[in-house]
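**Student:** This is the content of entry.tsv (TSV, C-alpha atoms):
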chain	number	residue	atom	x	y	z
D	1	MET	CA	28.28	-38.34	-9.05
D	2	HIS	CA	26.40	-35.99	-11.38
D	3	TRP	CA	23.57	-33.85	-10.01
D	4	ARG	CA	20.87	-32.42	-12.18
D	5	LEU	CA	18.79	-29.58	-10.75
D	6	THR	CA	15.20	-29.51	-11.92
D	7	PRO	CA	13.08	-26.50	-10.88
D	8	ARG	CA	9.67	-27.15	-9.45
D	9	PRO	CA	6.89	-26.70	-12.01
D	10	ALA	CA	5.21	-23.82	-10.16
D	11	LEU	CA	8.50	-22.01	-9.69
D	12	ALA	CA	9.38	-22.53	-13.34
D	13	ALA	CA	5.99	-21.21	-14.43
D	14	ALA	CA	6.31	-18.13	-12.19
D	15	ALA	CA	9.80	-17.44	-13.52
D	16	ALA	CA	8.57	-17.81	-17.11
D	17	VAL	CA	5.67	-15.39	-16.51
D	18	ALA	CA	7.99	-12.89	-14.81
D	19	GLY	CA	10.48	-13.18	-17.65
D	20	ALA	CA	7.75	-12.75	-20.25
D	21	ALA	CA	6.46	-9.66	-18.47
D	22	LEU	CA	9.91	-8.11	-18.78
D	23	LEU	CA	9.88	-8.74	-22.51
D	24	LEU	CA	6.42	-7.26	-23.18
D	25	PRO	CA	6.19	-4.01	-25.13
D	26	ALA	CA	5.83	-0.83	-23.09
D	27	ALA	CA	2.12	-0.58	-23.92
D	28	SER	CA	1.43	-4.00	-22.45
D	29	ALA	CA	3.50	-3.25	-19.36
D	30	ALA	CA	1.58	-0.01	-18.88
D	31	HIS	CA	-1.66	-1.98	-19.11
D	32	ALA	CA	-0.42	-4.42	-16.47
D	33	THR	CA	0.12	-1.72	-13.87
D	34	ALA	CA	-2.31	0.92	-15.17
D	35	ALA	CA	-1.48	4.57	-15.48
D	36	PRO	CA	-0.33	5.69	-12.04
D	37	TYR	CA	-2.89	7.37	-9.83
D	38	ASP	CA	-5.65	7.62	-12.41
D	39	THR	CA	-8.78	5.92	-11.14
D	40	GLY	CA	-9.42	7.02	-7.60
D	41	THR	CA	-8.81	9.49	-4.82
D	42	VAL	CA	-7.50	9.15	-1.29
D	43	THR	CA	-7.25	11.76	1.46
D	44	VAL	CA	-5.54	11.86	4.86
D	45	ASP	CA	-7.13	13.50	7.91
D	46	PRO	CA	-5.00	16.32	9.38
D	47	THR	CA	-4.74	14.58	12.76
D	48	GLY	CA	-3.84	11.06	13.81
D	49	ARG	CA	-3.86	9.40	17.22
D	50	ILE	CA	-1.06	7.79	19.17
D	51	ALA	CA	-1.81	5.61	22.19
D	52	ALA	CA	0.38	5.22	25.26
D	53	ASP	CA	1.60	1.83	23.96
D	54	GLY	CA	2.75	3.42	20.65
D	55	THR	CA	-0.20	2.27	18.55
D	56	VAL	CA	-0.91	4.80	15.79
D	57	THR	CA	-4.32	5.35	14.19
D	58	LEU	CA	-4.56	7.18	10.87
D	59	SER	CA	-7.67	7.89	8.81
D	60	GLY	CA	-9.10	9.64	5.78
D	61	THR	CA	-11.37	9.02	2.82
D	62	TYR	CA	-11.15	7.22	-0.51
D	63	ARG	CA	-13.15	6.75	-3.69
D	64	CYS	CA	-12.58	4.27	-6.49
D	65	ALA	CA	-14.42	2.62	-9.38
D	66	PRO	CA	-14.91	-1.14	-9.49
D	67	GLY	CA	-11.82	-3.00	-10.69
D	68	THR	CA	-10.71	-6.53	-11.43
D	69	GLY	CA	-8.89	-7.31	-8.19
D	70	PRO	CA	-8.92	-6.52	-4.47
D	71	VAL	CA	-8.17	-2.90	-3.54
D	72	PHE	CA	-6.48	-1.69	-0.35
D	73	VAL	CA	-5.77	1.60	1.39
D	74	SER	CA	-2.31	1.46	2.96
D	75	SER	CA	-0.70	4.13	5.09
D	76	SER	CA	2.71	4.99	6.48
D	77	VAL	CA	4.03	7.63	8.86
D	78	SER	CA	7.37	9.31	9.47
D	79	GLN	CA	8.70	11.95	11.84
D	80	ASP	CA	11.73	14.23	11.85
D	81	SER	CA	14.01	13.11	9.02
D	82	GLY	CA	11.21	11.60	6.96
D	83	SER	CA	13.67	9.12	5.45
D	84	VAL	CA	12.25	6.18	7.44
D	85	ARG	CA	8.58	5.41	6.91
D	86	HIS	CA	6.61	3.06	9.16
D	87	GLY	CA	3.71	1.11	7.71
D	88	ILE	CA	0.52	1.60	9.69
D	89	GLY	CA	-2.00	-1.05	8.74
D	90	GLY	CA	-4.08	-1.57	5.65
D	91	THR	CA	-7.79	-1.54	4.92
D	92	ARG	CA	-9.69	-3.43	2.23
D	93	ALA	CA	-11.47	-0.87	0.05
D	94	VAL	CA	-14.98	-1.04	-1.37
D	95	CYS	CA	-14.80	0.31	-4.92
D	96	ASP	CA	-18.28	1.38	-5.94
D	97	GLY	CA	-17.68	4.97	-7.03
D	98	LEU	CA	-18.81	6.34	-3.65
D	99	GLN	CA	-16.68	8.05	-1.02
D	100	HIS	CA	-15.81	5.90	2.01
D	101	ARG	CA	-13.81	6.37	5.22
D	102	TRP	CA	-10.66	4.40	5.95
D	103	THR	CA	-8.93	3.87	9.29
D	104	ASN	CA	-5.62	2.06	9.73
D	105	THR	CA	-4.09	1.13	13.07
D	106	GLY	CA	-0.67	-0.31	13.79
D	107	ARG	CA	2.55	-0.06	15.71
D	108	PRO	CA	5.94	0.77	14.26
D	109	SER	CA	8.79	-1.66	14.86
D	110	SER	CA	9.91	-2.07	18.46
D	111	ASP	CA	13.08	-0.05	17.90
D	112	THR	CA	11.08	3.04	16.87
D	113	THR	CA	9.15	5.41	19.05
D	114	LEU	CA	6.76	7.88	17.51
D	115	ARG	CA	5.60	10.74	19.69
D	116	PRO	CA	2.78	13.26	19.68
D	117	GLY	CA	3.45	16.19	17.37
D	118	PRO	CA	4.12	16.83	13.69
D	119	ALA	CA	4.40	13.85	11.35
D	120	GLN	CA	4.16	13.07	7.66
D	121	VAL	CA	1.59	10.50	6.48
D	122	GLU	CA	1.28	8.90	3.08
D	123	ALA	CA	-1.82	6.96	2.04
D	124	THR	CA	-2.01	4.84	-1.11
D	125	LEU	CA	-5.01	3.29	-2.87
D	126	MET	CA	-3.73	0.15	-4.62
D	127	GLU	CA	-5.38	-2.70	-6.52
D	128	LEU	CA	-3.93	-6.18	-7.01
D	129	ARG	CA	-4.78	-6.99	-10.63
D	130	PRO	CA	-4.31	-10.46	-12.08
D	131	PHE	CA	-1.84	-10.42	-14.96
D	132	GLY	CA	-0.58	-13.66	-16.43
D	133	GLY	CA	-1.60	-15.52	-13.29
D	134	LEU	CA	0.28	-13.17	-10.96
D	135	PRO	CA	-1.25	-10.33	-8.94
D	136	LEU	CA	0.48	-7.06	-9.85
D	137	PRO	CA	-0.10	-3.70	-8.13
D	138	ALA	CA	-2.04	-0.97	-9.92
D	139	PHE	CA	-1.87	2.31	-8.04
D	140	HIS	CA	-5.07	4.35	-8.14
D	141	ALA	CA	-4.21	7.28	-5.87
D	142	LYS	CA	-1.62	8.56	-3.41
D	143	GLN	CA	-1.76	11.42	-0.92
D	144	ALA	CA	1.03	12.80	1.27
D	145	GLN	CA	-0.09	14.98	4.15
D	146	ASP	CA	1.52	16.76	7.09
D	147	VAL	CA	-0.45	15.73	10.18
D	148	THR	CA	-0.41	16.18	13.92
D	149	LEU	CA	-0.30	13.04	16.03
D	150	LEU	CA	-2.38	13.58	19.18
D	151	GLN	CA	-1.92	11.58	22.37
D	152	ASP	CA	-4.88	9.33	23.28
Would you write out, as structure tokens, the structure that this file holds?

**Tutor:**
Amino acid sequence: MHWRLTPRPALAAAAAVAGAALLLPAASAAHATAAPYDTGTVTVDPTGRIAADGTVTLSGTYRCAPGTGPVFVSSSVSQDSGSVRHGIGGTRAVCDGLQHRWTNTGRPSSDTTLRPGPAQVEATLMELRPFGGLPLPAFHAKQAQDVTLLQD
């Protein structure tokens, strides 16, 4: 018996677009992801909050110009070694050229316990831009900040 594998049309199209993106000249690839960290700002407040159940709340400000896709402020936190970062939520950004506040809340994985005290937070302002039918990330701003996690 002879089997012939035929990829699904959507999968084939996605693979073709991804393959074409790899073959584009450097200038086109740079356009697809934008110059890193060039069209916005993001800050991290010097203190964050940690609740008794381990929920972490981080905050700061951001500013960005209108773009072509949805924009998000993501944040992560680490303690001690800094080699393991824990994602703490994400906020949809309003890009109108004005400064706005962001607040992200989340809990690290169940095998991790963060505690009050020094921590390192990284916030990123990222847009999902359509390129060849696929949303690709365009990073507008990034800020790393030493913070103090305070017990709620």

**Student:** Could you list, as a PyMOL selection string, every residue within 12 Å of Ser78 (chain D), counting only C-alpha atoms and ignoring same-chain residues fewer than 2 positions away?

**Tutor:** chain D and resi 56+75-76+80-88+108+112-122+144-149

**Student:** Tell me which of D:Ala65, D:Ala51, D:Cys95, D:Met126 sits closest to Lys142 (chain D), counting all atoms listed in the file.

**Tutor:**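 Result for the nearest residue to Lys142 (chain D): D:Met126.
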
**Student:** Which one of D:Thr61, D:Ala141, D:Val71, D:Ala52 sits closest to His100 (chain D) if you count only C-alpha atoms?

**Tutor:**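 Checking each candidate against His100 (chain D), we get D:Thr61 as the closest.
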
**Student:** Using only C-alpha atoms for the distances, tell me which of D:Gly69, D:Gly48, D:Gly90, D:Gly40 is nearest to Phe131 (chain D).

**Tutor:**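 Answer, going by the shortest atom-to-atom distance: D:Gly69.
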
**Student:** Could you please determine the separation between CA of Thr105 (chain D) and CA of Val73 (chain D) in Å, to one decimal place?

**Tutor:**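 Interatomic distance, CA of Thr105 (chain D) to CA of Val73 (chain D): 11.8 Å.
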
**Student:** As an exercise, work out the distance from CA of Phe139 (chain D) to CA of Ser59 (chain D) in Å and give it to one decimal place.

**Tutor:**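 It comes out at 18.7 Å.
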
**Student:** Give the answer as one residue: which of D:Trp102, D:Gly67, D:Leu58, D:Ser74 has the shortest atom-to-atom distance to Leu128 (chain D), using all atoms listed in the file?

**Tutor:**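 Under the stated criterion, the closest residue is D:Gly67.
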
**Student:** Nearest to Arg63 (chain D): which of D:Gly97, D:Pro46, D:Pro135, D:Gly106 is it, counting only C-alpha atoms?

**Tutor:**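 Comparing D:Gly97, D:Pro46, D:Pro135, D:Gly106 against Arg63 (chain D), the winner is D:Gly97.
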
**Student:** What is the distance between CA of Pro130 (chain D) and CA of Thr68 (chain D), in Å to one decimal?

**Tutor:** 7.5 Å

**Student:** Tell me which of D:Gln79, D:Thr57, D:Thr91, D:Thr47 sits closest to Glu127 (chain D), counting all atoms listed in the file.

**Tutor:**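 Among the listed residues, D:Thr91 lies closest to Glu127 (chain D).
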